[in-house]
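start_1.cif (mmCIF, C-alpha atoms)
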```
data_data
loop_
_atom_site.label_atom_id
_atom_site.label_comp_id
_atom_site.auth_asym_id
_atom_site.auth_seq_id
_atom_site.Cartn_x
_atom_site.Cartn_y
_atom_site.Cartn_z
CA MET A 210 0.27 9.48 23.99
CA THR A 211 0.14 6.70 26.52
CA PHE A 212 2.20 3.58 27.10
CA ILE A 213 0.67 0.25 26.18
CA GLU A 214 2.08 -3.26 26.23
CA LEU A 215 1.32 -5.26 23.07
CA PRO A 216 2.24 -8.69 21.73
CA ALA A 217 4.49 -8.22 18.69
CA ASN A 218 2.03 -10.08 16.44
CA GLN A 219 -0.61 -7.36 16.96
CA ILE A 220 1.54 -4.65 15.33
CA VAL A 221 1.16 -4.16 11.56
CA LEU A 222 1.75 -1.59 8.83
CA ASP A 223 -1.63 -0.31 7.71
CA PRO A 224 -1.62 1.07 4.11
CA LEU A 225 -4.49 3.46 4.91
CA ILE A 226 -2.56 5.02 7.80
CA ILE A 227 0.51 5.42 5.58
CA ARG A 228 -1.53 7.04 2.78
CA LYS A 229 -3.24 9.45 5.20
CA THR A 230 0.11 10.39 6.73
CA MET A 231 1.93 10.97 3.43
CA GLN A 232 -1.00 12.95 1.98
CA ALA A 233 -1.11 15.19 5.06
CA LEU A 234 2.64 15.78 4.77
CA LYS A 235 2.26 16.82 1.12
CA GLU A 236 -0.52 19.20 2.13
CA GLY A 237 1.80 20.91 4.60
CA LYS A 238 0.06 19.69 7.74
CA SER A 239 3.29 18.86 9.57
CA SER A 240 4.00 21.53 12.16
CA ILE A 241 7.79 21.11 11.87
CA GLY A 242 8.00 21.45 8.10
CA LEU A 243 8.53 17.92 6.76
CA ILE A 244 6.63 17.66 3.48
CA ARG A 245 8.17 14.63 1.76
CA ASP A 246 10.09 11.52 2.69
CA ASP A 247 11.38 9.62 -0.32
CA ARG A 248 14.50 8.16 1.26
CA LYS A 249 15.18 4.52 0.59
CA GLN A 250 15.74 2.30 3.59
CA ILE A 251 19.23 0.90 4.03
CA GLU A 252 19.15 -2.75 2.97
CA LEU A 253 20.68 -4.17 6.13
CA ARG A 254 18.87 -6.80 8.17
CA ILE A 255 19.41 -6.89 11.93
CA ASN A 256 20.12 -10.21 13.61
CA PRO A 257 16.92 -11.61 15.21
CA ASP A 258 18.45 -11.67 18.70
CA ILE A 259 19.08 -7.90 18.50
CA ALA A 260 15.53 -7.02 17.35
CA PHE A 261 13.94 -7.18 20.80
CA SER A 262 16.57 -5.00 22.49
CA GLN A 263 16.29 -2.39 19.72
CA LEU A 264 12.50 -2.23 20.05
CA GLN A 265 12.79 -1.86 23.83
CA VAL A 266 15.06 1.19 23.63
CA ASP A 267 13.14 2.74 20.71
CA PRO A 268 9.47 1.92 21.40
CA PRO A 269 7.11 1.60 18.43
CA ILE A 270 4.51 4.36 18.10
CA VAL A 271 1.15 2.81 17.25
CA THR A 272 -2.54 3.55 16.79
CA PRO A 273 -5.49 1.13 16.84
CA VAL A 274 -6.50 -0.17 13.41
CA ASN A 275 -9.83 -1.72 14.36
CA LYS A 276 -12.54 -1.08 16.95
CA ASP A 277 -11.76 -4.31 18.81
CA ARG A 278 -8.17 -3.11 19.30
CA THR A 279 -6.76 -6.46 18.24
CA HIS A 280 -4.32 -4.85 15.79
CA TYR A 281 -2.31 -1.65 15.91
CA SER A 282 -0.48 0.10 13.12
CA LEU A 283 2.91 1.76 13.26
CA ILE A 284 2.44 5.47 12.66
CA ALA A 285 6.11 6.48 12.60
CA LYS A 286 9.44 4.72 12.17
CA TYR A 287 7.99 2.31 9.61
CA TRP A 288 11.37 0.57 9.38
CA GLN A 289 10.58 -1.02 12.74
CA ILE A 290 8.23 -3.45 10.99
CA ASP A 291 11.31 -5.47 9.97
CA LEU A 292 12.42 -5.72 13.61
CA ILE A 293 8.89 -6.67 14.65
CA GLY A 294 8.80 -9.34 11.93
CA LEU A 295 12.04 -10.83 13.23
CA LEU A 296 10.69 -10.81 16.75
CA ILE A 297 7.49 -12.55 15.62
CA LYS A 298 9.58 -15.33 14.07
CA ILE A 299 11.30 -15.91 17.40
CA ASN A 300 8.33 -15.36 19.71
CA PRO A 301 5.05 -13.97 18.26
CA HIS A 302 3.63 -13.30 21.73
CA GLU A 303 6.63 -11.33 23.01
CA LYS A 304 5.29 -8.22 24.74
CA LEU A 305 6.57 -4.84 23.59
CA ASN A 306 6.23 -1.51 25.32
CA CYS A 307 4.71 0.89 22.81
CA LEU A 308 3.53 4.48 22.70
CA MET A 309 -0.10 4.65 21.62
CA GLN A 310 -1.72 7.61 19.92
CA ALA A 311 -5.50 7.22 20.07
CA LYS A 312 -6.29 10.28 17.94
CA ASN A 313 -5.32 9.53 14.35
CA SER A 314 -6.50 12.44 12.26
CA SER A 315 -4.36 13.11 9.19
CA GLU A 316 -2.76 16.10 10.93
CA ALA A 317 -1.95 14.10 14.08
CA LEU A 318 -0.44 11.29 12.00
CA ALA A 319 1.66 13.74 9.96
CA ASN A 320 2.90 15.51 13.09
CA THR A 321 3.85 12.27 14.84
CA TYR A 322 5.64 10.98 11.75
CA ALA A 323 7.49 14.28 11.24
CA ASP A 324 8.42 14.54 14.93
CA ALA A 325 9.91 11.03 14.80
CA GLN A 326 11.88 11.97 11.67
CA LEU A 327 13.19 15.16 13.30
CA SER A 328 14.14 13.22 16.41
CA GLY A 329 16.01 10.71 14.23
CA ARG A 330 17.84 13.53 12.42
CA LEU A 331 18.88 15.13 15.71
CA ALA A 332 20.09 11.76 16.97
CA LEU A 333 22.02 11.22 13.74
CA SER A 334 23.72 14.61 13.97
CA ASN A 335 24.89 13.71 17.48
CA MET A 336 25.85 10.21 16.38
CA LEU A 337 28.24 11.47 13.71
CA SER A 338 30.77 12.36 16.40
CA GLN A 339 30.61 8.86 17.91
CA GLN A 340 33.06 6.08 17.19
CA TRP A 341 31.98 2.52 16.51
CA ASN A 342 33.97 -0.69 16.75
CA ALA A 343 33.44 -1.90 13.17
CA ALA A 344 34.31 -5.50 14.04
CA LEU A 345 31.59 -5.68 16.72
CA LEU A 346 29.09 -3.60 14.79
CA HIS A 347 28.99 -6.00 11.85
CA ASP A 348 27.86 -8.78 14.23
CA CYS A 349 24.54 -6.92 14.60
CA PHE A 350 23.59 -7.72 11.00
CA GLU A 351 22.58 -10.99 9.35
CA GLN A 352 25.17 -10.49 6.61
CA ARG A 353 28.34 -8.45 6.87
CA PRO A 354 27.57 -5.06 5.28
CA ARG A 355 29.76 -3.78 2.45
CA ASP A 356 31.90 -0.75 3.21
CA ALA A 357 29.46 1.54 1.37
CA GLN A 358 26.54 0.17 3.44
CA PHE A 359 28.47 0.63 6.69
CA ALA A 360 29.32 4.19 5.68
CA GLN A 361 25.70 4.97 4.78
CA PHE A 362 24.53 3.50 8.09
CA LEU A 363 27.01 5.64 10.05
CA GLY A 364 26.32 8.72 7.92
CA VAL A 365 29.90 9.15 6.74
CA PRO A 366 31.60 8.91 3.31
CA THR A 367 32.80 5.42 2.34
CA LYS A 368 36.43 6.58 2.42
CA ALA A 369 36.00 7.92 5.97
CA PHE A 370 34.58 4.57 7.08
CA GLN A 371 37.47 2.69 5.43
CA ASP A 372 39.98 4.99 7.12
CA MET A 373 38.26 4.46 10.50
CA ARG A 374 38.31 0.68 10.05
CA ALA A 375 41.98 0.71 8.97
CA THR A 376 42.90 2.78 12.04
CA GLN A 377 41.03 0.35 14.29
CA ASN A 378 42.75 -2.61 12.63
CA ARG A 379 46.19 -1.01 13.09
CA SER A 380 45.40 -0.21 16.73
CA LYS A 381 44.23 -3.78 17.32
CA ALA A 382 47.36 -5.18 15.67
CA LYS A 383 49.59 -3.03 17.92
CA THR A 384 47.91 -4.32 21.08
CA HIS A 385 48.55 -7.92 19.99
CA GLU A 386 52.27 -7.43 19.26
#
```

Show me this structure written as structure tokens.
Amino acid sequence: MTFIELPANQIVLDPLIIRKTMQALKEGKSSIGLIRDDRKQIELRINPDIAFSQLQVDPPIVTPVNKDRTHYSLIAKYWQIDLIGLLIKINPHEKLNCLMQAKNSSEALANTYADAQLSGRLALSNMLSQQWNAALLHDCFEQRPRDAQFAQFLGVPTKAFQDMRATQNRSKAKTHE
């Protein structure tokens, strides 16, 4: 893979790439063992002003869709298309640093997708020991998430999130006394 700088409006989700990737996963062509991904995306929309910073720290992985190389498709982390869409609304020509995979055989697509999923899982397992300021975290989203959505996002039970928030509220109240 190589780094490439692309305007946000050149990055798309290509249905053919997605089909090839998911078929290769089902056929066991992922070297790390991922064979299915049926998870539903969390229905939380990031604020547009946060989209660019998120894409800069987690670069999109793309492959050319056409010979002219005017459009590139995400080949992993498909959820980033929402961030890219928000960025396009603000500034369609904003340049993004991306990782480009030129070889897009079914096996290569499946491996890249699976590697990104494994990386995300490893990050999540480390993240579970982190603490978040719930009051500041909700500012990242267009609408304040419900407790169950916050909990799902953080990977903890709803009750654990509510307890964490209550503890933070009590701690905040004590500092203002």

TODO: Write out as a ChimeraX atom specification each polymer residue whose atoms come within 10 Å of region 266-282 of chain A, counting all atoms listed in the file; drop sequence neighbours fewer than 5 positions from it.
DONE: /A:210-213,215-227,261,287,289-290,293,305-313,318,321-322,325

TODO: Return as a list in words the set of residues that the PyMOL selection byres ((chain A and resi 358) around 12) yields on the displayed structure.
DONE: Gln250, Ile251, Glu252, Leu253, Arg254, His347, Phe350, Gln352, Arg353, Pro354, Arg355, Asp356, Ala357, Phe359, Ala360, Gln361, Phe362, Leu363, Gly364, Val365, Pro366, Thr367, Lys368, Phe370 and Gln371 of chain A

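Atom pair CA of Asn378 (chain A) / CA of Asn342 (chain A) has a distance of 9.9 Å (rounded to one decimal).
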
- [ ] Could you check which of A:Gln263, A:Ser240, A:Thr230, A:Gln377 is closest to Leu345 (chain A), using all atoms listed in the file?
- [x]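 The shortest atom-to-atom distance to Leu345 (chain A) comes from A:Gln377.
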
Using the chain letters and numbers from this file, what does the PyMOL selection byres ((chain A and resi 235) around 12) select? Give the answer as a short mmCIF file (atom, residue, chain, number, x, y, z; two decimals) with C-alpha atoms, in the coordinates of the input.
```cif
data_model
loop_
_atom_site.label_atom_id
_atom_site.label_comp_id
_atom_site.auth_asym_id
_atom_site.auth_seq_id
_atom_site.Cartn_x
_atom_site.Cartn_y
_atom_site.Cartn_z
CA ARG A 228 -1.53 7.04 2.78
CA LYS A 229 -3.24 9.45 5.20
CA THR A 230 0.11 10.39 6.73
CA MET A 231 1.93 10.97 3.43
CA GLN A 232 -1.00 12.95 1.98
CA ALA A 233 -1.11 15.19 5.06
CA LEU A 234 2.64 15.78 4.77
CA GLU A 236 -0.52 19.20 2.13
CA GLY A 237 1.80 20.91 4.60
CA LYS A 238 0.06 19.69 7.74
CA SER A 239 3.29 18.86 9.57
CA GLY A 242 8.00 21.45 8.10
CA LEU A 243 8.53 17.92 6.76
CA ILE A 244 6.63 17.66 3.48
CA ARG A 245 8.17 14.63 1.76
CA ASP A 246 10.09 11.52 2.69
CA ASP A 247 11.38 9.62 -0.32
CA SER A 315 -4.36 13.11 9.19
CA GLU A 316 -2.76 16.10 10.93
CA ALA A 319 1.66 13.74 9.96
CA ALA A 323 7.49 14.28 11.24
#
```

Task: Between CA of Arg374 (chain A) and CA of Ala343 (chain A), distance in Å (one decimal) - done: 6.3 Å

Open item on the list: Under the PyMOL selection byres ((chain A and resi 260) around 9), which residues of this model are included? Write them out as a list of chain:residue names.
Closed with: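 Selection result, ordered by chain and number: A:Ile255, A:Asn256, A:Pro257, A:Asp258, A:Ile259, A:Phe261, A:Ser262, A:Gln263, A:Leu264, A:Gln265, A:Asp291, A:Leu292, A:Ile293, A:Gly294, A:Leu295, A:Leu296.
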
Report, as AutoDock Vina command-line options, the centre and edge lengths in Å (one decimal) of the axis-aligned box enclosing every listed atom of region 262-276 of chain A, padded by 8 Å on each side.
```
--center_x 2.0 --center_y -0.3 --center_z 18.6 --size_x 45.1 --size_y 25.4 --size_z 26.4
```

- [ ] Figure out the distance between CA of Arg379 (chain A) and CA of Ala332 (chain A), please, to one decimal in Å.
- [x] 29.3 Å
